[in-house]
file work_2.cif (mmCIF, C-alpha atoms and all ligand atoms)
data_run
#
loop_
_atom_site.group_PDB
_atom_site.id
_atom_site.type_symbol
_atom_site.label_atom_id
_atom_site.label_comp_id
_atom_site.auth_asym_id
_atom_site.auth_seq_id
_atom_site.Cartn_x
_atom_site.Cartn_y
_atom_site.Cartn_z
ATOM 1 C CA MET A 23 0.000 0.000 0.000
ATOM 2 C CA SER A 24 1.584 3.312 -1.026
ATOM 3 C CA LYS A 25 1.730 6.276 1.351
ATOM 4 C CA ARG A 26 -0.139 8.439 -1.145
ATOM 5 C CA TRP A 27 -2.948 5.868 -1.478
ATOM 6 C CA PHE A 28 -3.223 5.586 2.298
ATOM 7 C CA GLN A 29 -3.430 9.371 2.727
ATOM 8 C CA ALA A 30 -6.118 9.693 0.045
ATOM 9 C CA HIS A 31 -8.050 6.839 1.653
ATOM 10 C CA GLN A 32 -7.918 8.565 5.056
ATOM 11 C CA ARG A 33 -9.155 11.831 3.550
ATOM 12 C CA ASP A 34 -12.043 10.021 1.842
ATOM 13 C CA THR A 35 -13.016 8.349 5.094
ATOM 14 C CA TRP A 36 -13.285 11.693 6.911
ATOM 15 C CA ARG A 37 -15.077 13.225 3.931
ATOM 16 C CA ARG A 38 -17.675 10.435 3.962
ATOM 17 C CA GLN A 39 -18.173 10.826 7.692
ATOM 18 C CA ALA A 40 -18.584 14.589 7.279
ATOM 19 C CA ARG A 41 -21.220 14.077 4.618
ATOM 20 C CA SER A 42 -23.127 11.563 6.704
ATOM 21 C CA LYS A 43 -23.150 13.912 9.745
ATOM 22 C CA GLY A 44 -24.168 16.986 7.734
ATOM 23 C CA TYR A 45 -20.829 18.817 7.961
ATOM 24 C CA ARG A 46 -19.684 20.823 4.982
ATOM 25 C CA ALA A 47 -16.054 19.827 5.218
ATOM 26 C CA ARG A 48 -14.020 17.029 6.733
ATOM 27 C CA SER A 49 -12.089 19.735 8.574
ATOM 28 C CA ALA A 50 -15.062 19.929 10.966
ATOM 29 C CA PHE A 51 -13.649 16.810 12.646
ATOM 30 C CA LYS A 52 -10.341 18.566 13.263
ATOM 31 C CA LEU A 53 -12.055 21.220 15.385
ATOM 32 C CA LYS A 54 -14.221 18.577 17.080
ATOM 33 C CA GLN A 55 -11.103 16.639 18.052
ATOM 34 C CA ILE A 56 -9.327 19.806 19.232
ATOM 35 C CA GLN A 57 -12.423 20.669 21.267
ATOM 36 C CA GLU A 58 -12.584 17.146 22.763
ATOM 37 C CA LYS A 59 -9.023 17.413 24.010
ATOM 38 C CA PHE A 60 -8.803 21.079 25.035
ATOM 39 C CA THR A 61 -12.401 22.312 25.580
ATOM 40 C CA LEU A 62 -11.680 25.632 23.901
ATOM 41 C CA ILE A 63 -15.347 26.481 23.432
ATOM 42 C CA ARG A 64 -17.805 26.689 26.317
ATOM 43 C CA GLU A 65 -21.554 27.137 26.205
ATOM 44 C CA GLY A 66 -22.515 30.734 25.516
ATOM 45 C CA ASP A 67 -19.081 31.712 24.142
ATOM 46 C CA LEU A 68 -18.651 34.472 21.584
ATOM 47 C CA ILE A 69 -16.595 32.925 18.787
ATOM 48 C CA LEU A 70 -14.723 34.219 15.757
ATOM 49 C CA ASP A 71 -13.946 31.700 13.001
ATOM 50 C CA VAL A 72 -11.148 32.961 10.743
ATOM 51 C CA GLY A 73 -10.897 31.390 7.275
ATOM 52 C CA SER A 74 -14.353 29.909 7.657
ATOM 53 C CA HIS A 75 -15.328 28.770 4.142
ATOM 54 C CA PRO A 76 -17.140 26.470 3.433
ATOM 55 C CA GLY A 77 -18.237 26.438 7.084
ATOM 56 C CA GLY A 78 -17.316 23.156 8.790
ATOM 57 C CA TRP A 79 -15.666 24.896 11.756
ATOM 58 C CA THR A 80 -18.516 27.399 11.913
ATOM 59 C CA GLN A 81 -21.020 24.537 12.169
ATOM 60 C CA VAL A 82 -19.037 22.984 15.026
ATOM 61 C CA SER A 83 -18.711 26.392 16.739
ATOM 62 C CA VAL A 84 -22.485 26.914 16.625
ATOM 63 C CA GLU A 85 -23.057 23.418 18.051
ATOM 64 C CA GLU A 86 -20.565 23.865 20.857
ATOM 65 C CA THR A 87 -21.596 27.340 21.990
ATOM 66 C CA GLY A 88 -25.327 26.688 21.729
ATOM 67 C CA PRO A 89 -28.245 29.142 21.477
ATOM 68 C CA ASN A 90 -26.799 31.732 23.869
ATOM 69 C CA GLY A 91 -23.488 32.039 22.093
ATOM 70 C CA LEU A 92 -22.485 34.159 19.119
ATOM 71 C CA VAL A 93 -20.555 32.997 16.055
ATOM 72 C CA ILE A 94 -19.007 35.164 13.354
ATOM 73 C CA GLY A 95 -17.099 33.629 10.470
ATOM 74 C CA ILE A 96 -14.879 35.473 7.997
ATOM 75 C CA ASP A 97 -13.463 34.272 4.706
ATOM 76 C CA LEU A 98 -12.423 35.656 1.336
ATOM 77 C CA LEU A 99 -15.013 33.324 -0.172
ATOM 78 C CA ALA A 100 -18.759 33.419 0.276
ATOM 79 C CA SER A 101 -20.313 30.450 2.084
ATOM 80 C CA ALA A 102 -23.897 29.273 2.086
ATOM 81 C CA PRO A 103 -25.660 30.548 5.230
ATOM 82 C CA ILE A 104 -25.326 28.585 8.478
ATOM 83 C CA GLU A 105 -28.211 28.933 10.891
ATOM 84 C CA GLY A 106 -27.165 30.916 13.937
ATOM 85 C CA ALA A 107 -23.876 32.171 12.479
ATOM 86 C CA GLN A 108 -23.029 35.490 10.832
ATOM 87 C CA MET A 109 -20.695 35.269 7.875
ATOM 88 C CA VAL A 110 -18.466 38.106 6.703
ATOM 89 C CA ILE A 111 -16.933 37.997 3.229
ATOM 90 C CA GLY A 112 -13.561 39.702 3.278
ATOM 91 C CA ASP A 113 -9.858 39.637 3.918
ATOM 92 C CA VAL A 114 -9.169 39.333 7.633
ATOM 93 C CA THR A 115 -6.018 41.434 7.248
ATOM 94 C CA GLU A 116 -7.942 44.431 5.881
ATOM 95 C CA THR A 117 -9.276 47.214 8.071
ATOM 96 C CA THR A 118 -12.730 47.226 6.470
ATOM 97 C CA SER A 119 -13.291 43.539 7.330
ATOM 98 C CA GLN A 120 -11.974 44.084 10.833
ATOM 99 C CA GLU A 121 -14.407 46.964 11.354
ATOM 100 C CA LEU A 122 -17.281 44.847 10.065
ATOM 101 C CA ILE A 123 -16.447 42.071 12.539
ATOM 102 C CA LEU A 124 -16.276 44.572 15.410
ATOM 103 C CA ASP A 125 -19.635 46.077 14.431
ATOM 104 C CA LEU A 126 -21.274 42.635 14.351
ATOM 105 C CA LEU A 127 -19.711 41.718 17.680
ATOM 106 C CA GLN A 128 -20.968 44.905 19.328
ATOM 107 C CA ALA A 129 -24.456 44.359 17.842
ATOM 108 C CA GLY A 130 -24.375 41.009 19.679
ATOM 109 C CA THR A 131 -26.877 38.846 17.797
ATOM 110 C CA LYS A 132 -26.837 35.425 19.413
ATOM 111 C CA VAL A 133 -27.123 32.034 17.735
ATOM 112 C CA ASP A 134 -30.828 31.925 18.657
ATOM 113 C CA GLY A 135 -31.425 35.298 16.971
ATOM 114 C CA THR A 136 -31.987 37.301 20.179
ATOM 115 C CA SER A 137 -29.538 39.954 21.394
ATOM 116 C CA LEU A 138 -26.897 39.915 24.098
ATOM 117 C CA PRO A 139 -27.348 42.605 26.762
ATOM 118 C CA PRO A 140 -25.914 45.897 25.471
ATOM 119 C CA VAL A 141 -22.443 46.940 26.609
ATOM 120 C CA GLY A 142 -21.788 50.361 28.117
ATOM 121 C CA ALA A 143 -20.843 53.261 25.822
ATOM 122 C CA ASP A 144 -17.192 53.059 26.885
ATOM 123 C CA GLU A 145 -16.985 49.252 26.821
ATOM 124 C CA THR A 146 -16.090 46.897 23.962
ATOM 125 C CA ARG A 147 -17.464 43.398 23.729
ATOM 126 C CA LEU A 148 -14.723 40.803 23.124
ATOM 127 C CA PHE A 149 -14.595 37.220 21.844
ATOM 128 C CA ASN A 150 -14.074 34.315 24.268
ATOM 129 C CA THR A 151 -12.643 32.011 21.622
ATOM 130 C CA ILE A 152 -10.993 32.572 18.259
ATOM 131 C CA VAL A 153 -10.512 29.625 15.912
ATOM 132 C CA SER A 154 -8.518 29.896 12.712
ATOM 133 C CA ASP A 155 -8.102 27.267 10.027
ATOM 134 C CA ILE A 156 -6.787 29.932 7.656
ATOM 135 C CA SER A 157 -4.722 28.758 4.754
ATOM 136 C CA PRO A 158 -3.433 30.634 1.721
ATOM 137 C CA ARG A 159 -4.170 29.285 -1.743
ATOM 138 C CA LEU A 160 -1.583 26.519 -1.909
ATOM 139 C CA THR A 161 0.786 26.372 -4.859
ATOM 140 C CA GLY A 162 2.220 22.940 -4.122
ATOM 141 C CA GLN A 163 5.692 24.419 -3.540
ATOM 142 C CA TYR A 164 6.046 23.577 0.122
ATOM 143 C CA ASP A 165 8.625 26.214 1.159
ATOM 144 C CA ARG A 166 6.668 28.984 -0.474
ATOM 145 C CA ASP A 167 3.302 27.840 0.890
ATOM 146 C CA GLN A 168 4.710 27.414 4.367
ATOM 147 C CA ALA A 169 6.292 30.889 4.352
ATOM 148 C CA ILE A 170 3.083 32.571 3.202
ATOM 149 C CA SER A 171 1.047 30.622 5.717
ATOM 150 C CA LEU A 172 3.357 31.606 8.578
ATOM 151 C CA GLU A 173 3.083 35.296 7.720
ATOM 152 C CA LEU A 174 -0.678 34.980 7.471
ATOM 153 C CA VAL A 175 -0.862 33.289 10.874
ATOM 154 C CA ALA A 176 1.253 36.093 12.396
ATOM 155 C CA MET A 177 -1.139 38.657 10.898
ATOM 156 C CA VAL A 178 -4.166 36.784 12.235
ATOM 157 C CA PHE A 179 -2.588 36.815 15.705
ATOM 158 C CA ASP A 180 -1.942 40.547 15.500
ATOM 159 C CA PHE A 181 -5.419 41.395 14.304
ATOM 160 C CA THR A 182 -7.316 39.098 16.636
ATOM 161 C CA MET A 183 -5.430 39.456 19.942
ATOM 162 C CA PRO A 184 -7.060 42.815 20.814
ATOM 163 C CA LEU A 185 -10.464 41.207 20.165
ATOM 164 C CA LEU A 186 -9.898 38.292 22.570
ATOM 165 C CA VAL A 187 -10.886 38.553 26.208
ATOM 166 C CA PRO A 188 -8.136 37.953 28.832
ATOM 167 C CA GLY A 189 -8.386 34.267 29.758
ATOM 168 C CA GLY A 190 -9.714 33.498 26.253
ATOM 169 C CA SER A 191 -8.596 30.727 23.897
ATOM 170 C CA PHE A 192 -7.137 30.752 20.415
ATOM 171 C CA VAL A 193 -6.313 28.010 17.943
ATOM 172 C CA THR A 194 -4.699 28.312 14.565
ATOM 173 C CA LYS A 195 -3.552 25.978 11.840
ATOM 174 C CA ILE A 196 0.141 26.299 11.130
ATOM 175 C CA PHE A 197 2.378 24.442 8.699
ATOM 176 C CA GLN A 198 5.452 22.768 10.137
ATOM 177 C CA GLY A 199 8.791 24.058 8.950
ATOM 178 C CA THR A 200 11.113 27.015 8.906
ATOM 179 C CA GLY A 201 10.296 29.830 11.302
ATOM 180 C CA ILE A 202 7.471 28.056 13.138
ATOM 181 C CA GLU A 203 9.319 28.520 16.451
ATOM 182 C CA GLY A 204 9.102 32.288 15.971
ATOM 183 C CA VAL A 205 5.312 32.116 16.071
ATOM 184 C CA VAL A 206 5.219 29.514 18.867
ATOM 185 C CA ASN A 207 7.508 31.700 21.036
ATOM 186 C CA ALA A 208 5.411 34.787 20.328
ATOM 187 C CA ALA A 209 2.286 32.840 21.354
ATOM 188 C CA LYS A 210 3.959 31.805 24.618
ATOM 189 C CA GLN A 211 4.458 35.475 25.429
ATOM 190 C CA ARG A 212 0.709 36.038 25.176
ATOM 191 C CA PHE A 213 -0.895 32.866 26.610
ATOM 192 C CA SER A 214 -0.182 30.814 29.703
ATOM 193 C CA ARG A 215 -0.562 27.498 27.844
ATOM 194 C CA VAL A 216 0.554 26.841 24.271
ATOM 195 C CA GLN A 217 0.607 23.381 22.739
ATOM 196 C CA ARG A 218 0.963 21.872 19.299
ATOM 197 C CA PHE A 219 -1.679 19.302 18.480
ATOM 198 C CA SER A 220 -2.256 17.077 15.526
ATOM 199 C CA PRO A 221 -5.864 15.841 15.440
ATOM 200 C CA GLU A 222 -6.475 12.386 14.063
ATOM 201 C CA ALA A 223 -8.495 13.903 11.210
ATOM 202 C CA SER A 224 -5.410 15.672 9.870
ATOM 203 C CA ARG A 225 -2.784 13.089 10.741
ATOM 204 C CA ASN A 226 -1.176 11.378 7.751
ATOM 205 C CA SER A 227 -2.731 13.873 5.394
ATOM 206 C CA SER A 228 -0.457 16.894 5.589
ATOM 207 C CA SER A 229 2.203 18.662 7.590
ATOM 208 C CA GLU A 230 -0.316 20.920 9.229
ATOM 209 C CA VAL A 231 -0.452 21.135 12.963
ATOM 210 C CA PHE A 232 -2.675 23.196 15.263
ATOM 211 C CA LEU A 233 -1.308 25.654 17.753
ATOM 212 C CA VAL A 234 -3.659 25.589 20.715
ATOM 213 C CA CYS A 235 -3.322 28.605 23.016
ATOM 214 C CA LYS A 236 -5.242 28.823 26.276
ATOM 215 C CA ASN A 237 -5.680 31.515 28.884
ATOM 216 C CA LYS A 238 -4.706 34.762 27.185
ATOM 217 C CA LEU A 239 -2.643 36.840 29.587
ATOM 218 C CA PRO A 240 -3.987 40.290 30.538
ATOM 219 C CA ARG A 241 -0.960 41.678 28.706
ATOM 220 C CA PRO A 242 2.006 40.105 26.913
ATOM 221 C CA LYS A 243 5.053 39.101 28.931
ATOM 222 C CA LYS A 244 7.767 41.738 29.330
ATOM 223 C CA GLY A 245 9.831 41.030 26.214
ATOM 224 C CA SER A 246 6.814 41.254 23.945
ATOM 225 C CA ARG A 247 5.147 44.434 25.135
ATOM 226 C CA GLY A 248 4.818 46.950 22.342
ATOM 227 C CA THR A 249 5.802 44.468 19.634
ATOM 228 C CA SER A 250 3.654 42.445 17.263
ATOM 229 C CA VAL A 251 3.760 38.737 16.470
ATOM 230 C CA ALA A 252 4.763 39.653 12.902
ATOM 231 C CA GLN A 253 7.736 41.648 14.247
ATOM 232 C CA GLU A 254 8.718 38.820 16.576
ATOM 233 C CA LEU A 255 8.540 36.350 13.693
ATOM 234 C CA ASN A 256 10.822 38.588 11.622
ATOM 235 C CA THR A 257 13.282 38.958 14.488
ATOM 236 C CA HIS A 258 13.328 35.176 14.876
ATOM 237 C CA LEU A 259 13.916 34.673 11.138
ATOM 238 C CA GLU A 260 16.749 37.220 11.212
ATOM 239 C CA SER A 261 18.359 35.591 14.237
ATOM 240 C CA GLU A 262 18.229 32.216 12.512
ATOM 241 C CA GLY A 263 19.825 33.724 9.410
ATOM 242 C CA ILE A 264 16.746 32.956 7.369
ATOM 243 C CA ILE A 265 16.086 36.540 6.329
ATOM 244 C CA GLN A 266 18.276 39.585 6.536
ATOM 245 C CA HIS A 267 17.223 42.788 8.223
ATOM 246 C CA LYS A 268 14.590 44.436 6.044
ATOM 247 C CA ASP A 269 16.605 47.678 5.895
ATOM 248 C CA SER A 270 19.538 45.911 4.282
ATOM 249 C CA VAL A 271 17.961 43.427 1.918
ATOM 250 C CA PRO A 272 14.254 43.403 1.177
ATOM 251 C CA ILE A 273 13.161 39.806 1.183
ATOM 252 C CA ASP A 274 9.844 39.136 -0.419
ATOM 253 C CA SER A 275 9.116 35.928 1.382
ATOM 254 C CA VAL A 276 5.591 35.871 -0.008
ATOM 255 C CA LYS A 277 7.001 35.437 -3.473
ATOM 256 C CA SER A 278 10.001 33.296 -2.731
ATOM 257 C CA GLY A 279 9.491 31.362 0.498
ATOM 258 C CA PHE A 280 11.985 31.710 3.313
ATOM 259 C CA ARG A 281 15.546 31.071 2.253
ATOM 260 C CA ARG A 282 18.370 30.446 4.656
ATOM 261 C CA ILE A 283 21.010 33.110 4.093
ATOM 262 C CA PRO A 284 24.530 32.101 5.112
ATOM 263 C CA LYS A 285 25.719 34.178 8.076
ATOM 264 C CA LYS A 286 28.488 36.670 7.215
ATOM 265 C CA GLU A 287 31.969 35.731 8.453
HETATM 266 C C1 LIG B 301 -8.856 25.207 4.954
HETATM 267 S S1 LIG B 301 -9.961 26.461 4.516
HETATM 268 C C2 LIG B 301 -10.991 26.582 5.904
HETATM 269 C C3 LIG B 301 -11.957 25.446 6.069
HETATM 270 C C4 LIG B 301 -12.959 25.719 7.181
HETATM 271 N N1 LIG B 301 -12.314 25.767 8.471
HETATM 272 C C5 LIG B 301 -14.050 24.682 7.239
HETATM 273 O O1 LIG B 301 -14.066 23.889 8.168
HETATM 274 O O2 LIG B 301 -14.930 24.687 6.364
HETATM 275 C C6 LIG B 301 -8.965 27.891 4.631
HETATM 276 C C7 LIG B 301 -9.693 29.175 4.279
HETATM 277 O O3 LIG B 301 -8.866 30.320 4.578
HETATM 278 C C8 LIG B 301 -9.332 31.364 3.740
HETATM 279 N N2 LIG B 301 -8.420 32.523 3.718
HETATM 280 C C9 LIG B 301 -7.156 32.585 3.246
HETATM 281 N N3 LIG B 301 -6.648 33.818 3.367
HETATM 282 C C10 LIG B 301 -7.611 34.581 3.966
HETATM 283 C C11 LIG B 301 -7.686 35.944 4.357
HETATM 284 N N4 LIG B 301 -6.654 36.776 4.181
HETATM 285 N N5 LIG B 301 -8.828 36.386 4.926
HETATM 286 C C12 LIG B 301 -9.883 35.540 5.109
HETATM 287 N N6 LIG B 301 -9.873 34.236 4.761
HETATM 288 C C13 LIG B 301 -8.756 33.754 4.187
HETATM 289 C C14 LIG B 301 -9.465 30.665 2.380
HETATM 290 O O4 LIG B 301 -10.324 31.393 1.521
HETATM 291 C C15 LIG B 301 -10.028 29.288 2.781
HETATM 292 O O5 LIG B 301 -11.406 29.225 2.590
#
call {"tool": "encode", "arguments": {"input": "work_2.cif", "output": "structure tokens", "more": "lines below"}}
Ligand SMILES: C[S@@+](CC[C@H](N)C(=O)[O-])C[C@H]1O[C@@H](n2cnc3c(N)ncnc32)[C@H](O)[C@@H]1O
result
Amino acid sequence: MSKRWFQAHQRDTWRRQARSKGYRARSAFKLKQIQEKFTLIREGDLILDVGSHPGGWTQVSVEETGPNGLVIGIDLLASAPIEGAQMVIGDVTETTSQELILDLLQAGTKVDGTSLPPVGADETRLFNTIVSDISPRLTGQYDRDQAISLELVAMVFDFTMPLLVPGGSFVTKIFQGTGIEGVVNAAKQRFSRVQRFSPEASRNSSSEVFLVCKNKLPRPKKGSRGTSVAQELNTHLESEGIIQHKDSVPIDSVKSGFRRIPKKE
């Protein structure tokens, strides 16, 4: 039995199960398995699903939070409606999408269609849980895809952290490889518990892994105050000799993938 055949067979099995249980994507089982192990979502949670199309994770989020929760999904692509969830079409890294998400969150329409109690004029409602299965359009060139994905994950962190309540949970897909430690270290500065997890539904099928972060700290640890995850990733890549300082050599990692640059003598 070839490895490729086995992987395809595994994917088909999860796909069939998804279809039989009414999920839109086999990826729904990845979030279910993450939830089983880490209980990221609790009843009544306000949840943001980043990279939500076609909606498997959104379906699971609605199930787990129940009628008193709130679920907002965002993706570049439009998805068919999911009862109880609000879907935003847009790029999560763009200000207009971010504003739209904030507006929906403040409006506070719950899964059951009723409204959360209003927040005071000087208060901002925040999410309890943020789940992200975001993935760039893959080219098949692993180094390039992994580099783009890592930058995207760093951007998702930077956009979503201010929207997450202290004590809240965050999970993101991340591709194994160069620079991953930069993001893992940055996460450890912001959460008390950070763990990599490979759910059974994604094992054998790709090099993706999920970074599960629990208990967001009220503020980042000392070394990370005033910096962003994207900056910390860049610093890590520079220190590893993977990119040079952006003032000296502009590296367009999105186009090329990260390349290890030999350290100067
Ligand atoms: C693996 S799919 C998500 C599958 C989804 N979790 C599910 O269960 O149905 C990854 C998604 O990330 C989305 N994506 C990639 N870049 C994005 C961006 N900048 N903003 C919003 N969504 C993005 C893609 O459009 C794609 O639909």
call {"tool": "closest_residue", "arguments": {"input": "work_2.cif", "among": "A:Ala252, A:Leu239, A:Ala223, A:Val153", "to": "Ala47 of chain A", "atoms": "only C-alpha atoms"}}
result
A:Ala223
call {"tool": "residues_around", "arguments": {"input": "work_2.cif", "residues": "segment 76-88 of chain A", "least_positions_apart": "4", "cutoff": "9 Å", "atoms": "only C-alpha atoms", "output": "ChimeraX atom specification"}}
result
/A:40,45-54,57,63-71,92-95,97,99-107,133-134,153-155
call {"tool": "closest_residue", "arguments": {"input": "work_2.cif", "among": "A:Leu172, A:Ala143, A:Ile111, A:Val187", "to": "ligand LIG 301 (chain B)", "atoms": "all atoms listed in the file"}}
result
A:Ile111
call {"tool": "atom_distance", "arguments": {"input": "work_2.cif", "atom1": "atom N4 of ligand LIG 301 (chain B)", "atom2": "atom CA of Gln211 of chain A"}}
result
24.0 Å
call {"tool": "closest_residue", "arguments": {"input": "work_2.cif", "among": "A:Arg159, A:Arg33, A:Arg247, A:Arg38", "to": "ligand LIG 301 (chain B)", "atoms": "all atoms listed in the file"}}
result
A:Arg159
call {"tool": "closest_atom_pairs", "arguments": {"input": "work_2.cif", "of": "segment 37-134 of chain A", "to": "segment 189-209 of chain A", "cutoff": "9 Å", "atoms": "only C-alpha atoms", "output": "CSV"}}
result
residue,atom,partner,partner_atom,distance
A:Ile56,CA,A:Val193,CA,8.8
A:Leu62,CA,A:Ser191,CA,6.0
A:Ile63,CA,A:Ser191,CA,8.0
A:Val72,CA,A:Thr194,CA,8.8
call {"tool": "closest_residue", "arguments": {"input": "work_2.cif", "among": "A:Ser137, A:Thr118, A:Thr35, A:Ser42", "to": "ligand LIG 301 (chain B)", "atoms": "only C-alpha atoms and all ligand atoms"}}
result
A:Thr118
call {"tool": "atom_distance", "arguments": {"input": "work_2.cif", "atom1": "atom CA of Lys238 of chain A", "atom2": "atom CA of Leu138 of chain A"}}
result
23.0 Å
call {"tool": "atom_distance", "arguments": {"input": "work_2.cif", "atom1": "atom C3 of ligand LIG 301 (chain B)", "atom2": "atom CA of Ser220 of chain A"}}
result
15.9 Å
call {"tool": "residues_around", "arguments": {"input": "work_2.cif", "residues": "Thr117 of chain A", "least_positions_apart": "6", "cutoff": "12 Å", "atoms": "only C-alpha atoms", "output": "ChimeraX atom specification"}}
result
/A:123-124,181-182
call {"tool": "residues_around", "arguments": {"input": "work_2.cif", "residues": "Gln253 of chain A", "least_positions_apart": "5", "cutoff": "12 Å", "atoms": "only C-alpha atoms", "output": "list of chain:residue names"}}
result
A:Glu173, A:Ala176, A:Met177, A:Phe179, A:Asp180, A:Gly204, A:Val205, A:Ala208, A:Ser246, A:Arg247, A:Gly248, A:His258, A:Leu259, A:Glu260, A:His267, A:Lys268
call {"tool": "closest_residue", "arguments": {"input": "work_2.cif", "among": "A:Ala169, A:Met183, A:Val216, A:Val110", "to": "Leu255 of chain A", "atoms": "all atoms listed in the file"}}
result
A:Ala169
call {"tool": "resolve_selection", "arguments": {"input": "work_2.cif", "expression": "the PyMOL selection byres (((chain A and resi 148) around 9) and not hetatm)", "output": "MDAnalysis selection string"}}
result
chainID A and resid 68 124 127:128 146:147 149:150 184:187
call {"tool": "closest_residue", "arguments": {"input": "work_2.cif", "among": "A:Thr151, A:Thr61, A:Ser157, A:Gln120", "to": "ligand LIG 301 (chain B)", "atoms": "only C-alpha atoms and all ligand atoms"}}
result
A:Ser157
call {"tool": "decode", "arguments": {"input": "work_2.cif", "residues": "segment 192-205 of chain A", "atoms": "N, CA and C atoms", "output": "compact mmCIF listing (two decimals), in the first residue's frame"}}
result
# COMPACT_ATOMS: atom_id res chain seq x y z
N PHE A 192 -7.43 30.50 21.83
CA PHE A 192 -7.14 30.75 20.41
C PHE A 192 -6.53 29.49 19.83
N VAL A 193 -6.97 29.13 18.63
CA VAL A 193 -6.31 28.01 17.94
C VAL A 193 -6.10 28.39 16.49
N THR A 194 -4.95 28.05 15.97
CA THR A 194 -4.70 28.31 14.57
C THR A 194 -3.98 27.14 13.91
N LYS A 195 -4.31 26.95 12.64
CA LYS A 195 -3.55 25.98 11.84
C LYS A 195 -2.21 26.62 11.52
N ILE A 196 -1.20 25.79 11.47
CA ILE A 196 0.14 26.30 11.13
C ILE A 196 0.87 25.16 10.42
N PHE A 197 1.65 25.50 9.42
CA PHE A 197 2.38 24.44 8.70
C PHE A 197 3.77 24.29 9.29
N GLN A 198 4.15 23.05 9.53
CA GLN A 198 5.45 22.77 10.14
C GLN A 198 6.56 23.24 9.20
N GLY A 199 7.64 23.70 9.77
CA GLY A 199 8.79 24.06 8.95
C GLY A 199 9.48 25.31 9.46
N THR A 200 10.27 25.88 8.57
CA THR A 200 11.11 27.01 8.91
C THR A 200 10.34 28.15 9.56
N GLY A 201 10.86 28.63 10.68
CA GLY A 201 10.30 29.83 11.30
C GLY A 201 9.15 29.57 12.26
N ILE A 202 8.65 28.34 12.31
CA ILE A 202 7.47 28.06 13.14
C ILE A 202 7.73 28.43 14.61
N GLU A 203 8.99 28.21 15.05
CA GLU A 203 9.32 28.52 16.45
C GLU A 203 9.12 29.99 16.76
N GLY A 204 9.30 30.85 15.76
CA GLY A 204 9.10 32.29 15.97
C GLY A 204 7.67 32.58 16.38
N VAL A 205 6.73 31.91 15.74
CA VAL A 205 5.31 32.12 16.07
C VAL A 205 4.97 31.44 17.41
